[in-house]
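Q: Just final.txt, nothing more (compact mmCIF, C-alpha atoms):
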```
# COMPACT_ATOMS: atom_id res chain seq x y z
CA MET A 1 -123.52 -76.53 46.60
CA ILE A 2 -122.95 -77.38 50.25
CA HIS A 3 -122.84 -74.34 52.50
CA ARG A 4 -120.33 -74.45 55.30
CA TYR A 5 -120.26 -72.37 58.45
CA LEU A 6 -117.54 -72.08 61.09
CA ASP A 7 -115.62 -75.27 61.87
CA GLY A 8 -114.93 -76.81 65.24
CA VAL A 9 -117.22 -74.67 67.39
CA GLN A 10 -120.23 -76.96 67.73
CA SER A 11 -121.33 -78.51 71.02
CA LEU A 12 -122.37 -81.88 69.58
CA THR A 13 -121.22 -85.02 71.41
CA LEU A 14 -121.92 -88.69 70.81
CA ILE A 15 -121.32 -91.33 73.46
CA GLU A 16 -120.58 -94.45 71.49
CA GLU A 17 -121.26 -96.90 74.34
CA LYS A 18 -124.83 -95.68 74.72
CA CYS A 19 -125.62 -95.93 71.01
CA THR A 20 -127.74 -98.91 70.01
CA GLY A 21 -127.58 -98.21 66.29
CA CYS A 22 -131.29 -97.48 65.91
CA GLY A 23 -130.50 -94.93 63.22
CA ARG A 24 -133.00 -92.30 64.35
CA CYS A 25 -130.26 -89.61 64.31
CA THR A 26 -129.43 -90.32 60.67
CA GLU A 27 -133.14 -89.94 59.93
CA VAL A 28 -133.72 -86.58 61.64
CA CYS A 29 -130.43 -84.77 60.98
CA PRO A 30 -130.91 -82.21 58.19
CA HIS A 31 -127.21 -82.06 57.37
CA ALA A 32 -126.21 -85.74 57.24
CA VAL A 33 -123.89 -85.35 60.20
CA PHE A 34 -124.37 -89.00 61.24
CA GLU A 35 -123.93 -92.28 59.48
CA LEU A 36 -124.42 -95.83 60.67
CA VAL A 37 -121.19 -97.80 60.57
CA ASP A 38 -121.23 -101.37 61.86
CA ARG A 39 -124.59 -100.77 63.56
CA LYS A 40 -123.32 -97.75 65.46
CA ALA A 41 -123.91 -94.08 64.78
CA VAL A 42 -120.77 -92.19 63.82
CA ILE A 43 -120.33 -88.45 63.42
CA VAL A 44 -119.05 -88.14 59.87
CA ALA A 45 -119.47 -84.40 59.36
CA PHE A 46 -119.11 -82.65 62.72
CA ASP A 47 -118.62 -79.22 61.15
CA ARG A 48 -121.91 -79.38 59.27
CA CYS A 49 -123.86 -79.56 62.56
CA MET A 50 -126.14 -76.54 63.02
CA GLU A 51 -127.15 -77.53 66.56
CA CYS A 52 -130.86 -77.77 65.78
CA GLY A 53 -131.18 -80.44 68.44
CA ALA A 54 -133.27 -82.93 66.45
CA CYS A 55 -130.83 -85.80 67.09
CA ALA A 56 -130.56 -85.32 70.85
CA GLN A 57 -134.32 -84.79 71.11
CA ASN A 58 -134.93 -88.12 69.41
CA CYS A 59 -132.13 -90.25 70.87
CA ILE A 60 -133.99 -92.26 73.51
CA PHE A 61 -130.75 -93.79 74.74
CA GLY A 62 -129.23 -90.47 75.69
CA ALA A 63 -126.20 -91.04 73.50
CA ILE A 64 -126.27 -87.59 71.91
CA THR A 65 -125.97 -84.21 73.57
CA VAL A 66 -125.99 -80.80 71.95
CA ARG A 67 -126.67 -77.25 73.13
CA ALA A 68 -129.57 -76.74 70.78
CA GLY A 69 -130.64 -73.33 69.61
CA VAL A 70 -131.15 -71.07 66.65
CA GLY A 71 -128.10 -69.63 64.92
CA CYS A 72 -129.57 -66.16 64.66
CA ALA A 73 -127.49 -63.04 65.28
CA ALA A 74 -130.56 -60.85 65.83
CA ALA A 75 -131.84 -63.14 68.58
CA MET A 76 -128.41 -63.26 70.19
CA LEU A 77 -128.00 -59.48 70.16
CA ASP A 78 -131.50 -59.11 71.58
CA GLY A 79 -130.61 -61.51 74.39
CA ILE A 80 -127.43 -59.60 75.23
CA ILE A 81 -129.13 -56.21 75.19
CA THR A 82 -132.38 -57.05 76.98
CA LYS A 83 -131.40 -59.88 79.31
CA GLY A 84 -127.62 -59.89 79.39
CA ASP A 85 -127.52 -63.43 78.02
CA PRO A 86 -127.11 -64.31 74.34
CA ASP A 87 -129.14 -67.49 74.79
CA LEU A 88 -132.28 -65.81 76.10
CA GLY A 89 -133.07 -63.48 73.23
CA SER A 90 -135.69 -63.59 70.56
CA CYS A 91 -135.44 -61.96 67.19
CA ASP A 92 -137.70 -59.14 66.16
CA CYS A 93 -138.85 -60.67 62.89
CA GLY A 94 -142.13 -61.57 64.60
CA THR A 95 -144.41 -58.95 66.03
CA SER A 96 -146.62 -61.10 68.24
CA SER A 97 -145.74 -63.31 71.21
CA SER A 98 -142.77 -65.55 70.56
CA GLY A 99 -143.17 -65.05 66.85
CA CYS A 100 -140.55 -65.73 64.27
CA CYS A 101 -137.72 -66.84 62.66
CA MET B 1 -180.16 -79.39 80.07
CA THR B 2 -176.67 -78.86 78.66
CA ASP B 3 -175.22 -81.03 75.98
CA THR B 4 -172.24 -82.91 77.41
CA HIS B 5 -171.45 -84.87 74.27
CA PRO B 6 -168.23 -83.89 72.54
CA PRO B 7 -168.75 -82.37 69.11
CA ALA B 8 -168.95 -84.82 66.24
CA PRO B 9 -165.60 -85.46 64.56
CA ALA B 10 -165.15 -83.06 61.68
CA PHE B 11 -162.61 -82.02 59.11
CA VAL B 12 -162.19 -79.23 56.62
CA SER B 13 -161.77 -79.93 52.90
CA LEU B 14 -158.88 -78.11 51.26
CA PRO B 15 -158.97 -77.21 47.59
CA GLN B 16 -156.10 -78.97 45.81
CA ARG B 17 -155.13 -76.41 43.20
CA LEU B 18 -153.62 -73.14 44.31
CA ILE B 19 -155.56 -70.08 43.24
CA LEU B 20 -154.34 -66.54 42.62
CA ALA B 21 -155.11 -65.51 46.23
CA ASP B 22 -152.71 -68.21 47.48
CA ARG B 23 -149.95 -66.90 45.27
CA VAL B 24 -150.58 -63.32 46.34
CA GLY B 25 -150.57 -64.48 49.97
CA GLY B 26 -147.30 -66.29 49.40
CA PHE B 27 -145.77 -63.14 47.98
CA LEU B 28 -147.06 -60.94 50.81
CA CYS B 29 -145.55 -63.35 53.37
CA ARG B 30 -142.17 -62.60 51.85
CA VAL B 31 -142.46 -58.84 52.10
CA SER B 32 -144.51 -58.18 55.23
CA ASN B 33 -143.96 -59.56 58.71
CA ARG B 34 -147.31 -58.32 59.87
CA PHE B 35 -149.06 -60.19 57.06
CA ARG B 36 -147.01 -63.34 57.55
CA MET B 37 -147.73 -63.51 61.28
CA LYS B 38 -151.45 -63.61 60.57
CA TYR B 39 -151.33 -65.97 57.59
CA SER B 40 -152.62 -69.01 59.46
CA VAL B 41 -155.20 -71.73 58.95
CA ALA B 42 -157.60 -73.33 61.42
CA THR B 43 -155.98 -76.06 63.47
CA GLY B 44 -157.34 -79.58 63.23
CA LEU B 45 -157.89 -82.08 60.49
CA HIS B 46 -157.97 -81.09 56.82
CA ALA B 47 -158.81 -83.32 53.89
CA LEU B 48 -156.81 -82.86 50.71
CA GLY B 49 -158.61 -84.48 47.79
CA THR B 50 -160.94 -87.26 48.93
CA PRO B 51 -158.95 -89.26 51.46
CA ALA B 52 -160.21 -92.64 52.67
CA PRO B 53 -160.05 -93.67 56.34
CA ASP B 54 -156.78 -95.48 55.61
CA SER B 55 -155.14 -92.66 53.62
CA PRO B 56 -151.84 -91.21 54.94
CA VAL B 57 -151.99 -88.65 57.73
CA LEU B 58 -149.47 -85.81 57.46
CA VAL B 59 -148.85 -83.57 60.45
CA THR B 60 -147.87 -79.94 59.92
CA ALA B 61 -148.02 -76.39 61.28
CA ASN B 62 -151.05 -74.14 60.94
CA PHE B 63 -149.14 -71.67 58.76
CA ARG B 64 -151.11 -71.10 55.57
CA LEU B 65 -147.98 -70.80 53.43
CA THR B 66 -146.93 -74.26 54.61
CA LEU B 67 -150.39 -75.65 53.84
CA ASN B 68 -150.20 -74.09 50.38
CA VAL B 69 -146.84 -75.75 49.73
CA LEU B 70 -148.34 -79.11 50.76
CA ARG B 71 -151.39 -78.54 48.59
CA SER B 72 -149.34 -77.84 45.51
CA ALA B 73 -146.94 -80.73 46.19
CA LEU B 74 -149.82 -83.16 46.73
CA ALA B 75 -152.22 -81.80 44.11
CA ASP B 76 -153.08 -85.23 42.78
CA ARG B 77 -153.07 -87.13 46.08
CA ASP B 78 -155.71 -87.91 48.67
CA VAL B 79 -154.29 -87.36 52.14
CA TRP B 80 -155.24 -86.15 55.59
CA ILE B 81 -153.42 -83.14 56.97
CA LEU B 82 -153.41 -82.49 60.69
CA ALA B 83 -152.57 -78.83 61.35
CA VAL B 84 -151.11 -78.28 64.81
CA ASP B 85 -151.43 -74.94 66.59
CA THR B 86 -148.07 -73.23 66.04
CA LYS B 87 -149.59 -69.75 66.10
CA GLY B 88 -149.17 -69.57 62.35
CA ILE B 89 -145.40 -70.17 62.48
CA ASN B 90 -143.64 -72.56 60.09
CA VAL B 91 -142.68 -76.08 61.22
CA TRP B 92 -138.92 -75.63 61.66
CA CYS B 93 -139.11 -72.41 63.67
CA ALA B 94 -142.08 -73.66 65.68
CA ALA B 95 -140.18 -76.88 66.48
CA GLY B 96 -137.24 -74.79 67.69
CA LYS B 97 -139.54 -72.77 69.92
CA GLY B 98 -141.56 -75.69 71.21
CA SER B 99 -144.98 -74.91 69.72
CA PHE B 100 -144.59 -77.73 67.18
CA GLY B 101 -143.88 -80.38 69.77
CA THR B 102 -144.88 -83.71 71.21
CA GLY B 103 -147.50 -82.14 73.49
CA SER B 104 -149.15 -79.93 70.89
CA ILE B 105 -149.42 -82.82 68.42
CA VAL B 106 -151.01 -85.10 71.03
CA HIS B 107 -153.40 -82.27 71.89
CA GLU B 108 -154.41 -81.86 68.25
CA ILE B 109 -154.88 -85.62 67.76
CA ASN B 110 -157.29 -85.64 70.69
CA SER B 111 -159.20 -82.45 69.98
CA SER B 112 -159.69 -83.33 66.30
CA GLN B 113 -160.89 -86.82 67.28
CA LEU B 114 -158.54 -88.16 64.63
CA ARG B 115 -159.04 -91.77 65.71
CA LYS B 116 -162.76 -91.59 64.94
CA ILE B 117 -162.10 -90.46 61.38
CA VAL B 118 -159.08 -92.45 60.25
CA THR B 119 -158.02 -96.06 60.58
CA THR B 120 -154.43 -95.24 59.62
CA THR B 121 -152.02 -96.10 62.44
CA THR B 122 -149.07 -94.06 61.24
CA LEU B 123 -148.46 -90.32 61.47
CA ILE B 124 -146.05 -88.77 59.01
CA LEU B 125 -144.23 -85.79 60.50
CA PRO B 126 -142.11 -83.28 58.63
CA GLN B 127 -138.45 -84.05 59.26
CA LEU B 128 -137.73 -80.46 60.22
CA GLY B 129 -140.23 -80.85 63.07
CA ALA B 130 -137.85 -83.33 64.71
CA SER B 131 -136.04 -80.70 66.77
CA GLY B 132 -139.29 -80.20 68.69
CA VAL B 133 -140.73 -83.69 68.65
CA ASN B 134 -139.58 -86.76 70.49
CA ALA B 135 -140.92 -89.45 68.17
CA SER B 136 -140.89 -92.30 70.66
CA LYS B 137 -142.65 -90.23 73.31
CA LEU B 138 -145.24 -89.15 70.74
CA GLN B 139 -145.68 -92.78 69.77
CA LYS B 140 -146.32 -93.77 73.38
CA GLU B 141 -148.65 -90.89 74.13
CA SER B 142 -150.69 -90.98 70.94
CA GLY B 143 -150.80 -94.66 70.09
CA PHE B 144 -149.82 -93.85 66.50
CA SER B 145 -146.54 -94.97 65.07
CA VAL B 146 -144.47 -91.98 63.98
CA LYS B 147 -142.42 -91.54 60.84
CA PHE B 148 -140.43 -88.56 59.71
CA GLY B 149 -141.13 -87.62 56.13
CA PRO B 150 -138.71 -85.77 53.86
CA VAL B 151 -137.44 -82.21 54.39
CA ARG B 152 -139.13 -80.82 51.28
CA ALA B 153 -142.85 -81.14 50.57
CA ALA B 154 -142.06 -81.72 46.90
CA ASP B 155 -140.47 -85.07 47.84
CA ILE B 156 -143.55 -86.33 49.71
CA PRO B 157 -145.18 -88.10 46.71
CA ALA B 158 -141.98 -90.03 45.99
CA TYR B 159 -141.62 -90.76 49.71
CA LEU B 160 -145.16 -92.14 49.90
CA ASP B 161 -144.69 -94.18 46.73
CA ALA B 162 -141.53 -95.73 48.17
CA GLY B 163 -143.52 -96.99 51.15
CA CYS B 164 -142.58 -94.11 53.45
CA ILE B 165 -138.86 -94.38 52.91
CA ALA B 166 -136.81 -91.25 52.38
CA THR B 167 -133.60 -91.25 50.41
CA LYS B 168 -130.50 -89.64 51.91
CA GLU B 169 -130.96 -86.75 49.53
CA MET B 170 -134.53 -86.16 50.77
CA ARG B 171 -133.23 -85.84 54.32
CA GLN B 172 -130.81 -83.00 53.60
CA VAL B 173 -131.57 -79.32 53.81
CA HIS B 174 -130.21 -77.15 51.05
CA PHE B 175 -130.16 -73.44 50.60
CA PRO B 176 -130.38 -72.78 46.87
CA LEU B 177 -130.38 -69.36 45.22
CA VAL B 178 -134.15 -69.32 44.76
CA ASP B 179 -134.71 -69.82 48.50
CA ARG B 180 -132.16 -67.17 49.37
CA LEU B 181 -133.75 -64.68 46.98
CA LYS B 182 -137.13 -65.17 48.64
CA LEU B 183 -135.61 -64.09 51.95
CA ILE B 184 -134.02 -60.88 50.69
CA PRO B 185 -137.06 -58.56 51.07
CA MET B 186 -137.36 -59.33 54.77
CA GLU B 187 -133.68 -58.54 55.17
CA ALA B 188 -133.62 -55.37 53.10
CA ILE B 189 -136.97 -53.79 54.04
CA PRO B 190 -136.44 -53.58 57.83
CA ALA B 191 -132.84 -52.43 57.31
CA THR B 192 -134.02 -49.72 54.91
CA LYS B 193 -136.64 -48.50 57.40
CA ILE B 194 -134.02 -48.03 60.13
CA LEU B 195 -131.65 -46.41 57.64
CA MET B 196 -134.35 -43.90 56.67
CA ILE B 197 -134.70 -42.79 60.29
CA PHE B 198 -130.96 -42.17 60.50
CA LEU B 199 -130.97 -40.31 57.19
CA LEU B 200 -133.87 -38.13 58.31
CA ALA B 201 -131.98 -37.25 61.49
CA ALA B 202 -128.81 -36.53 59.49
CA ALA B 203 -130.72 -34.37 57.02
CA THR B 204 -132.13 -32.35 59.90
CA LEU B 205 -128.65 -31.78 61.32
CA PHE B 206 -127.34 -30.66 57.93
CA GLY B 207 -130.29 -28.30 57.51
CA ILE B 208 -130.23 -26.57 60.89
CA THR B 209 -129.42 -22.85 60.74
CA LYS B 210 -130.07 -19.94 63.08
CA THR B 211 -133.24 -19.16 61.21
CA GLY B 212 -134.61 -22.70 61.06
CA ILE B 213 -134.13 -25.89 59.08
CA LEU B 214 -133.28 -25.21 55.48
CA PHE B 215 -134.23 -27.73 52.84
CA ARG B 216 -131.34 -27.20 50.46
CA PRO B 217 -128.35 -27.82 52.75
CA ALA B 218 -130.29 -30.69 54.32
CA LEU B 219 -130.64 -32.32 50.94
CA THR B 220 -127.13 -31.72 49.62
CA GLY B 221 -125.65 -32.79 52.96
CA VAL B 222 -127.57 -36.02 53.31
CA PHE B 223 -127.35 -37.03 49.65
CA PRO B 224 -123.93 -38.77 49.81
CA LEU B 225 -124.82 -40.32 53.17
CA ALA B 226 -127.97 -41.79 51.68
CA ILE B 227 -126.01 -43.27 48.78
CA ALA B 228 -123.47 -44.73 51.22
CA GLY B 229 -126.24 -46.12 53.47
CA PHE B 230 -128.21 -47.72 50.66
CA THR B 231 -125.03 -49.20 49.23
CA ALA B 232 -124.25 -50.82 52.58
CA VAL B 233 -127.77 -52.25 52.95
CA PHE B 234 -127.62 -53.44 49.35
CA THR B 235 -124.31 -55.26 49.76
CA GLY B 236 -125.10 -56.65 53.24
CA SER B 237 -128.78 -57.54 52.96
CA VAL B 238 -129.18 -58.19 49.23
CA LEU B 239 -125.86 -59.26 47.71
CA VAL B 240 -124.61 -61.34 50.65
CA PRO B 241 -127.77 -63.52 50.71
CA ALA B 242 -127.82 -63.77 46.91
CA LEU B 243 -124.14 -64.56 46.38
CA LEU B 244 -123.63 -66.32 49.73
CA PRO B 245 -121.55 -69.37 48.75
CA PHE B 246 -119.45 -67.42 46.26
CA ILE B 247 -118.21 -64.74 48.67
CA PRO B 248 -114.86 -65.46 50.35
CA PHE B 249 -114.82 -66.44 54.07
CA ARG B 250 -117.38 -68.45 56.02
CA ALA B 251 -118.10 -65.86 58.70
CA PHE B 252 -121.03 -63.70 57.66
CA THR B 253 -119.47 -60.58 59.16
CA LEU B 254 -116.45 -61.05 56.88
CA LYS B 255 -118.62 -61.71 53.82
CA GLY B 256 -120.34 -58.41 54.60
CA VAL B 257 -117.03 -56.58 54.97
CA VAL B 258 -115.74 -57.93 51.65
CA LEU B 259 -118.75 -56.73 49.66
CA GLY B 260 -119.02 -53.56 51.75
CA CYS B 261 -115.41 -52.62 50.96
CA ALA B 262 -116.03 -53.27 47.28
CA GLY B 263 -119.10 -51.03 47.46
CA ALA B 264 -117.30 -48.26 49.35
CA VAL B 265 -114.33 -48.22 46.99
CA THR B 266 -116.68 -48.14 44.01
CA LEU B 267 -118.49 -45.12 45.46
CA VAL B 268 -115.32 -43.19 46.26
CA THR B 269 -113.74 -43.84 42.88
CA THR B 270 -116.79 -43.28 40.69
CA LEU B 271 -118.79 -40.54 42.43
CA PRO B 272 -116.97 -37.17 42.68
CA VAL B 273 -119.20 -36.09 45.60
CA PHE B 274 -117.37 -38.53 47.87
CA ARG B 275 -114.09 -36.81 47.09
CA THR B 276 -115.23 -33.27 47.94
CA ASN B 277 -114.54 -33.75 51.63
CA LEU B 278 -111.83 -35.94 53.14
CA PHE B 279 -113.99 -36.75 56.17
CA LEU B 280 -116.82 -37.84 53.92
CA THR B 281 -114.42 -40.07 51.97
CA ALA B 282 -113.24 -41.64 55.21
CA PHE B 283 -116.83 -41.98 56.46
CA CYS B 284 -117.78 -43.87 53.33
CA LEU B 285 -114.79 -46.20 53.59
CA VAL B 286 -115.51 -47.02 57.25
CA ALA B 287 -119.29 -46.91 57.57
CA VAL B 288 -120.22 -48.84 54.42
CA PRO B 289 -118.15 -51.97 55.22
CA ALA B 290 -119.22 -51.82 58.90
CA LEU B 291 -122.95 -51.52 58.17
CA SER B 292 -122.73 -54.07 55.38
CA SER B 293 -121.02 -56.48 57.77
CA PHE B 294 -123.74 -55.98 60.38
CA CYS B 295 -126.53 -56.52 57.84
CA ALA B 296 -124.83 -59.68 56.58
CA PHE B 297 -124.43 -60.93 60.16
CA LEU B 298 -128.18 -60.58 60.72
CA PHE B 299 -128.80 -62.92 57.78
CA THR B 300 -127.49 -65.83 59.91
CA GLY B 301 -131.00 -66.04 61.40
CA SER B 302 -132.53 -66.82 58.02
CA THR B 303 -130.12 -69.48 56.84
CA THR B 304 -130.54 -73.23 57.03
CA TYR B 305 -127.07 -74.07 58.30
CA THR B 306 -125.69 -71.64 60.89
CA SER B 307 -125.14 -73.03 64.39
CA PRO B 308 -125.71 -70.91 67.50
CA SER B 309 -122.18 -71.75 68.67
CA GLY B 310 -120.86 -70.42 65.36
CA VAL B 311 -122.86 -67.21 65.57
CA LYS B 312 -121.68 -66.74 69.14
CA ALA B 313 -118.05 -67.30 68.15
CA GLU B 314 -118.43 -64.83 65.32
CA LEU B 315 -120.09 -62.24 67.56
CA LYS B 316 -117.32 -62.55 70.15
CA LYS B 317 -114.71 -61.60 67.56
CA ALA B 318 -116.82 -59.06 65.73
CA TRP B 319 -118.38 -56.94 68.43
CA PRO B 320 -115.28 -54.83 69.25
CA LEU B 321 -115.02 -54.11 65.53
CA PHE B 322 -118.71 -53.23 65.27
CA ILE B 323 -118.35 -50.80 68.20
CA THR B 324 -115.18 -49.30 66.71
CA GLY B 325 -116.88 -48.99 63.34
CA ALA B 326 -119.93 -47.30 64.84
CA VAL B 327 -117.90 -44.84 66.93
CA THR B 328 -115.51 -44.00 64.08
CA SER B 329 -118.41 -43.55 61.67
CA THR B 330 -120.17 -41.22 64.10
CA LEU B 331 -117.02 -39.12 64.60
CA LEU B 332 -116.41 -38.93 60.86
CA PHE B 333 -120.05 -37.96 60.36
CA VAL B 334 -119.71 -35.14 62.89
CA ALA B 335 -116.50 -34.00 61.20
CA THR B 336 -118.25 -34.06 57.83
CA LEU B 337 -121.13 -32.07 59.32
CA ILE B 338 -118.84 -29.38 60.78
CA THR B 339 -116.72 -28.99 57.65
CA PHE B 340 -119.86 -28.99 55.50
CA ARG B 341 -121.12 -26.00 57.53
CA ARG B 342 -117.95 -24.02 56.80
CA LEU B 343 -118.45 -24.28 53.08
CA PRO B 344 -119.73 -21.08 51.52
```
Using the file provided, produce a representation of the structure as structure tokens.
A:
Amino acid sequence: MIHRYLDGVQSLTLIEEKCTGCGRCTEVCPHAVFELVDRKAVIVAFDRCMECGACAQNCIFGAITVRAGVGCAAAMLDGIITKGDPDLGSCDCGTSSSGCC
Amino acid sequence: MTDTHPPAPAFVSLPQRLILADRVGGFLCRVSNRFRMKYSVATGLHALGTPAPDSPVLVTANFRLTLNVLRSALADRDVWILAVDTKGINVWCAAGKGSFGTGSIVHEINSSQLRKIVTTTTLILPQLGASGVNASKLQKESGFSVKFGPVRAADIPAYLDAGCIATKEMRQVHFPLVDRLKLIPMEAIPATKILMIFLLAAATLFGITKTGILFRPALTGVFPLAIAGFTAVFTGSVLVPALLPFIPFRAFTLKGVVLGCAGAVTLVTTLPVFRTNLFLTAFCLVAVPALSSFCAFLFTGSTTYTSPSGVKAELKKAWPLFITGAVTSTLLFVATLITFRRLP
């Protein structure tokens, strides 16, 4: 059973010219978003991207960009309430320091 | 004279078979945040079985539950395990927050004097650590070549046997029922705690009279509210995680509304107490779906597939409805409270 979240909202981009076809993105992506076609990475399942950032973190050619983060409503609400920014929150499932998820 | 020599390289031997205490610890991690946050192991090198200098080196977090999963998956293998200081947080979350990262792994390689103990030249990292680790940078800084192992520890033996090659299937994260069920307590318990505070406050309001707080009206007044509240937490924090892929809609807020409405309608049609007061009926029909929706929305943080952009998009649409739901519920509660007082 493949779970699907909202379509078409993700921030993932792939610049084809920069891709050297090393395949690292296909290795690290936990949702099989990429595939190698003719020695180039191709986004085959854009809507499965959860923006974890593993691909961009490991693309040494800078071909992939994504606004990486955790898809956590509690963290987002915390960010809005305490800092006025949904991206700066942390969820309260951890008691110490930056604890969590 | 002080001793300036670095300490001799050392490692800790891990028992391979899980014992009862490990299983109890695993259970407690699922029900108590406080316990989970302290369920860590010493950082540094651990030996599982009797590894040779050229045995595989697996890198992981210093979360004891993670170590236990590795131990049981690799019960008949001899491997080295390098536990990085993630403050006892699991690999995926720690990678997202930076504590399982290139720098912390390099630090652990150096402080454990890994090179003096092993001759292996490859480090095997958990794939889910990749969001925090730049493999090529780690390779340059550590001198080890870096490979990403499979997502699940259970696949590691097959991965090793295949010469460190993961199948496409091994690289994909799933979210099966059994994993979702494990997460339910940490959804339902905190929600129940907050609900109890609200119910206690409501009971007090129902019980207040000129002569003090009376137990009987407090109890009869809060009783239907408690049933409504627990129903909402049950549908939002228990049923939504359990039935996740089978509930209509992809947005978690809508999944919560669907089950919350079903719960509210069930209460109103089957329990006569919800029909004694029109305001109470309305309260049940508004508050249960709203709270259920909110509880379901919070589950996004525990899933393996929700994107922050998606959660943000959902929040943008849902927040006016959450506010409306909260205000309407409060007004209907007050109306219920006032009319309840007028009853003989």
Q: Pick out the closest residue to Leu278 of chain B from this set: B:Ser32, B:Thr324, B:Thr304, B:Thr339. Count only C-alpha atoms.
A: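 Looking at the shortest contact to Leu278 of chain B, the residue is B:Thr339.
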Q: Have a look at atom CA of Gly53 of chain A and atom CA of Gly132 of chain B and let me know their distance in Å, one decimal.
A: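 For atom CA of Gly53 of chain A relative to atom CA of Gly132 of chain B, the distance reads 8.1 Å.
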Q: What is the distance, in Å and to one decimal place, between atom CA of Cys59 of chain A and atom CA of Gly44 of chain B?
A: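 Atom CA of Gly44 of chain B lies at a distance of 28.4 Å from atom CA of Cys59 of chain A.
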Q: Could you work out which residues of chain B fall inside 6 Å of chain A? Count only C-alpha atoms, and format the result as a PyMOL selection string.
A: chain B and resi 93+127+130-131+134+171-173+250+298+300-301+305-311
Q: Report, in Å to a single decimal, how far apart atom CA of Leu67 of chain B and atom CA of Ile184 of chain B are.
A: 22.3 Å
Q: What's around Arg39 of chain A at 10 Å? Count only C-alpha atoms, leave out sequence neighbours fewer than 6 positions away in its own chain, and write the answer as an mmCIF file with C-alpha atoms, in the frame of the given file.
A:
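Resulting contents of part_1.cif:
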```cif
data_model
loop_
_atom_site.group_PDB
_atom_site.id
_atom_site.type_symbol
_atom_site.label_atom_id
_atom_site.label_comp_id
_atom_site.auth_asym_id
_atom_site.auth_seq_id
_atom_site.Cartn_x
_atom_site.Cartn_y
_atom_site.Cartn_z
ATOM 1 C CA CYS A 19 -125.620 -95.930 71.010
ATOM 2 C CA THR A 20 -127.740 -98.910 70.010
ATOM 3 C CA GLY A 21 -127.580 -98.210 66.290
ATOM 4 C CA CYS A 22 -131.290 -97.480 65.910
ATOM 5 C CA GLY A 23 -130.500 -94.930 63.220
#
```
Q: Just checking: using only C-alpha atoms, which residue out of B:Leu20, B:Val106, B:Ala135, B:Met37 ends up closest to Ile89 of chain B?
A: B:Met37
Q: Using only C-alpha atoms, which protein or nucleic acid residues come within 10 Å of Gln113 of chain B? Drop anything in the same chain fewer than 5 positions from it, and give the result as a list in words.
A: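 What passes the distance filter is Pro6, Pro7, Ala8, Pro9, Ala10, Phe11, Gly44, Leu45, His107, Glu108 and Val118 of chain B.
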Q: Got a sec: who's within 12 Å of Arg341 of chain B, counting all atoms listed in the file, leaving out chain neighbours fewer than 3 positions off, as a VMD selection string?
A: chain B and resid 205 to 209 217 to 218 220 to 221 277 334 to 338 344
Q: Residues within 12 Å of (-159.3, -93.5, 63.1), file coordinates, counting only C-alpha atoms: what are they? Give the list as JSON, numbers by chain.
A: {"B": [9, 45, 52, 53, 54, 55, 56, 57, 80, 109, 110, 112, 113, 114, 115, 116, 117, 118, 119, 120, 121, 122, 123, 142, 143, 144]}
Q: Fewer than 5 positions away in the same chain doesn't count, so skip those; otherwise give me all residues within 9 Å of Ser292 of chain B, counting all atoms listed in the file, as a list in words.
A: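 Result of the neighbour search: Gly229, Thr231, Ala232, Val233, Phe234, Thr235, Gly236, Ser237, Val240, Thr253, Lys255, Gly256, Val257, Val258, Leu259, Gly260, Cys261, Ala287 and Phe297 of chain B.
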Q: Could you rebuild segment 22-30 of chain A with N, CA and C atoms and give me the result as a compact mmCIF listing (two decimals), in the coordinates of the input?
A:
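Here's the written file part-v2.txt:
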```
# COMPACT_ATOMS: atom_id res chain seq x y z
N CYS A 22 -129.90 -97.51 66.40
CA CYS A 22 -131.29 -97.48 65.91
C CYS A 22 -131.43 -96.64 64.64
N GLY A 23 -130.52 -95.70 64.47
CA GLY A 23 -130.50 -94.93 63.22
C GLY A 23 -131.42 -93.71 63.20
N ARG A 24 -132.08 -93.43 64.31
CA ARG A 24 -133.00 -92.30 64.35
C ARG A 24 -132.24 -90.99 64.03
N CYS A 25 -131.03 -90.85 64.53
CA CYS A 25 -130.26 -89.61 64.31
C CYS A 25 -129.97 -89.39 62.82
N THR A 26 -129.71 -90.47 62.10
CA THR A 26 -129.43 -90.32 60.67
C THR A 26 -130.71 -89.90 59.93
N GLU A 27 -131.85 -90.25 60.54
CA GLU A 27 -133.14 -89.94 59.93
C GLU A 27 -133.49 -88.46 60.13
N VAL A 28 -133.25 -87.94 61.34
CA VAL A 28 -133.72 -86.58 61.64
C VAL A 28 -132.71 -85.48 61.31
N CYS A 29 -131.43 -85.81 61.22
CA CYS A 29 -130.43 -84.77 60.98
C CYS A 29 -130.58 -84.16 59.60
N PRO A 30 -130.74 -82.83 59.51
CA PRO A 30 -130.91 -82.21 58.19
C PRO A 30 -129.60 -81.97 57.43
```
